[in-house]
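Let me begin by presenting the structure, written as structure tokens, before commenting on it.
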Amino acid sequence: MSRKHRDSRDAQAAIDRYEYVLATGQQDQVYRVHQEAFAALSDEQRAELRMRLSAEIGEEADSPVDERPETLARVATDLEAARPGTVPRALGPLLPVVAGLIMASPVAIALFPYDYAAGTEQWATGAEEDGEFF
């Protein structure tokens, strides 16, 4: 399998897991994973995120007032709670980046049932290609 194809599948797997976190996590957990992910974004990416969230909300009162990770996380979490599925769409090209960052969060990892995605081709392929751990 080519690296490009595998990277695309890895990105889709991260997006799928992010959507799972959004659907199953408590609001405080979703806020925390958003805050951690948004803190890891560059200033330019946070500016783009603010613009995208503001465009999705459309109401000045609810739009993010700054680009701090805490502010963006609160707005994204509230928006997703009010209109499920909105934030992944609003992220646009930032979706794979944010999804990947969220999947590295201990809070997100704790939300997955034991053995989530174990035995799937993606996990098996990753294990084979990474080599030995010892």
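Lettering and numbering for the structure tokens are positional, with chains as A, B, ... in the shown order, residues counted from 1 in each chain, and ligands counted from 1 in the shown order.
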
Could you list, as a PDB file with all heavy atoms, in the first residue's frame, every residue within 12 Å of Glu59 in chain A, counting only C-alpha atoms and ignoring same-chain residues fewer than 5 positions away?
```pdb
ATOM      1  N   LEU A  53     -15.558  29.158  12.451  1.00  0.00           N
ATOM      2  CA  LEU A  53     -16.605  29.046  13.471  1.00  0.00           C
ATOM      3  C   LEU A  53     -17.552  30.244  13.408  1.00  0.00           C
ATOM      4  O   LEU A  53     -18.769  30.088  13.500  1.00  0.00           O
ATOM      5  CB  LEU A  53     -15.993  28.917  14.870  1.00  0.00           C
ATOM      6  CG  LEU A  53     -15.276  27.606  15.173  1.00  0.00           C
ATOM      7  CD1 LEU A  53     -14.594  27.680  16.536  1.00  0.00           C
ATOM      8  CD2 LEU A  53     -16.234  26.425  15.120  1.00  0.00           C
ATOM      9  N   SER A  54     -16.990  31.431  13.243  1.00  0.00           N
ATOM     10  CA  SER A  54     -17.818  32.639  13.143  1.00  0.00           C
ATOM     11  C   SER A  54     -18.762  32.561  11.950  1.00  0.00           C
ATOM     12  O   SER A  54     -19.934  32.933  12.049  1.00  0.00           O
ATOM     13  CB  SER A  54     -16.937  33.891  13.031  1.00  0.00           C
ATOM     14  OG  SER A  54     -16.205  34.074  14.217  1.00  0.00           O
ATOM     15  N   PRO A  64     -16.695  33.591  18.351  1.00  0.00           N
ATOM     16  CA  PRO A  64     -15.516  33.694  19.219  1.00  0.00           C
ATOM     17  C   PRO A  64     -15.001  35.133  19.251  1.00  0.00           C
ATOM     18  O   PRO A  64     -14.888  35.774  18.216  1.00  0.00           O
ATOM     19  CB  PRO A  64     -14.488  32.770  18.561  1.00  0.00           C
ATOM     20  CG  PRO A  64     -15.150  32.117  17.404  1.00  0.00           C
ATOM     21  CD  PRO A  64     -16.495  32.712  17.218  1.00  0.00           C
ATOM     22  N   VAL A  65     -14.693  35.622  20.448  1.00  0.00           N
ATOM     23  CA  VAL A  65     -14.230  37.000  20.603  1.00  0.00           C
ATOM     24  C   VAL A  65     -12.724  37.128  20.436  1.00  0.00           C
ATOM     25  O   VAL A  65     -12.204  38.234  20.309  1.00  0.00           O
ATOM     26  CB  VAL A  65     -14.665  37.596  21.965  1.00  0.00           C
ATOM     27  CG1 VAL A  65     -16.181  37.703  22.040  1.00  0.00           C
ATOM     28  CG2 VAL A  65     -14.120  36.772  23.119  1.00  0.00           C
ATOM     29  N   VAL A  75     -16.643  27.797  22.145  1.00  0.00           N
ATOM     30  CA  VAL A  75     -17.546  28.043  21.026  1.00  0.00           C
ATOM     31  C   VAL A  75     -17.795  26.758  20.228  1.00  0.00           C
ATOM     32  O   VAL A  75     -18.938  26.435  19.891  1.00  0.00           O
ATOM     33  CB  VAL A  75     -17.007  29.177  20.128  1.00  0.00           C
ATOM     34  CG1 VAL A  75     -17.804  29.284  18.833  1.00  0.00           C
ATOM     35  CG2 VAL A  75     -17.021  30.501  20.883  1.00  0.00           C
ATOM     36  N   LEU A  79     -21.366  24.918  19.985  1.00  0.00           N
ATOM     37  CA  LEU A  79     -21.938  24.782  18.648  1.00  0.00           C
ATOM     38  C   LEU A  79     -22.257  23.322  18.344  1.00  0.00           C
ATOM     39  O   LEU A  79     -23.337  23.003  17.834  1.00  0.00           O
ATOM     40  CB  LEU A  79     -20.970  25.357  17.604  1.00  0.00           C
ATOM     41  CG  LEU A  79     -21.395  25.265  16.137  1.00  0.00           C
ATOM     42  CD1 LEU A  79     -22.714  25.998  15.902  1.00  0.00           C
ATOM     43  CD2 LEU A  79     -20.290  25.844  15.252  1.00  0.00           C
TER      44      LEU A  79
END
```

From range 29-82 of chain A, collect each residue whose DSSP state is alpha helix (DSSP H) and return the set as a PyMOL selection string.
chain A and resi 29-40+43-57+69-82

Quote the spacing between CA of Gly100 in chain A and CA of Gln35 in chain A in Å to one decimal place.
13.6 Å

What separation in Å, quoted to one decimal, exists between CA of Gly92 in chain A and CA of Arg32 in chain A?
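About the pair CA of Gly92 in chain A and CA of Arg32 in chain A: they are 20.8 Å apart.
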
Please provide the set of residues having any atom within 9 Å of Ala11 in chain A, restricted to only C-alpha atoms, with same-chain residues fewer than 6 positions apart removed, written as a PDB file with all heavy atoms, in the first residue's frame.
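Result file out_33.pdb:
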```pdb
ATOM      1  N   PRO A  96      -8.722  17.161   9.370  1.00  0.00           N
ATOM      2  CA  PRO A  96      -7.764  16.085   9.648  1.00  0.00           C
ATOM      3  C   PRO A  96      -6.725  16.470  10.694  1.00  0.00           C
ATOM      4  O   PRO A  96      -6.312  15.642  11.505  1.00  0.00           O
ATOM      5  CB  PRO A  96      -7.098  15.810   8.295  1.00  0.00           C
ATOM      6  CG  PRO A  96      -7.985  16.425   7.275  1.00  0.00           C
ATOM      7  CD  PRO A  96      -8.729  17.533   7.952  1.00  0.00           C
ATOM      8  N   VAL A  97      -6.319  17.734  10.695  1.00  0.00           N
ATOM      9  CA  VAL A  97      -5.314  18.202  11.663  1.00  0.00           C
ATOM     10  C   VAL A  97      -5.898  18.146  13.072  1.00  0.00           C
ATOM     11  O   VAL A  97      -5.289  17.578  13.993  1.00  0.00           O
ATOM     12  CB  VAL A  97      -4.860  19.643  11.324  1.00  0.00           C
ATOM     13  CG1 VAL A  97      -3.938  20.189  12.403  1.00  0.00           C
ATOM     14  CG2 VAL A  97      -4.209  19.692   9.960  1.00  0.00           C
ATOM     15  N   ALA A  99      -8.584  16.521  14.128  1.00  0.00           N
ATOM     16  CA  ALA A  99      -8.923  15.142  14.484  1.00  0.00           C
ATOM     17  C   ALA A  99      -7.683  14.378  14.939  1.00  0.00           C
ATOM     18  O   ALA A  99      -7.730  13.648  15.934  1.00  0.00           O
ATOM     19  CB  ALA A  99      -9.590  14.440  13.302  1.00  0.00           C
ATOM     20  N   GLY A 100      -6.579  14.548  14.238  1.00  0.00           N
ATOM     21  CA  GLY A 100      -5.336  13.879  14.626  1.00  0.00           C
ATOM     22  C   GLY A 100      -4.841  14.329  15.986  1.00  0.00           C
ATOM     23  O   GLY A 100      -4.399  13.514  16.802  1.00  0.00           O
TER      24      GLY A 100
END
```

CA of Ala73 in chain A and CA of Glu44 in chain A, how far apart in Å?
16.1 Å

Here is a test: counting only C-alpha atoms, which residue of A:Asp62, A:Ala13, A:Leu49, A:Asp78 is nearest to Ala37 in chain A?
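Closest residue, counting only C-alpha atoms: A:Leu49.
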
Residues at most 9 Å from range 14-29 of chain A, counting only C-alpha atoms, excluding those fewer than 5 positions away in the same chain, as a PyMOL selection string?
chain A and resi 9+34+77-78+80-81+84-85+88+95-96+98-103+107-108+111-112

Quick one: of A:Glu56, A:Ser105, A:Met51, A:Ala90, who's nearest to Ala39 in chain A, counting only C-alpha atoms?
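Among the listed residues, the smallest separation from Ala39 in chain A belongs to A:Ser105.
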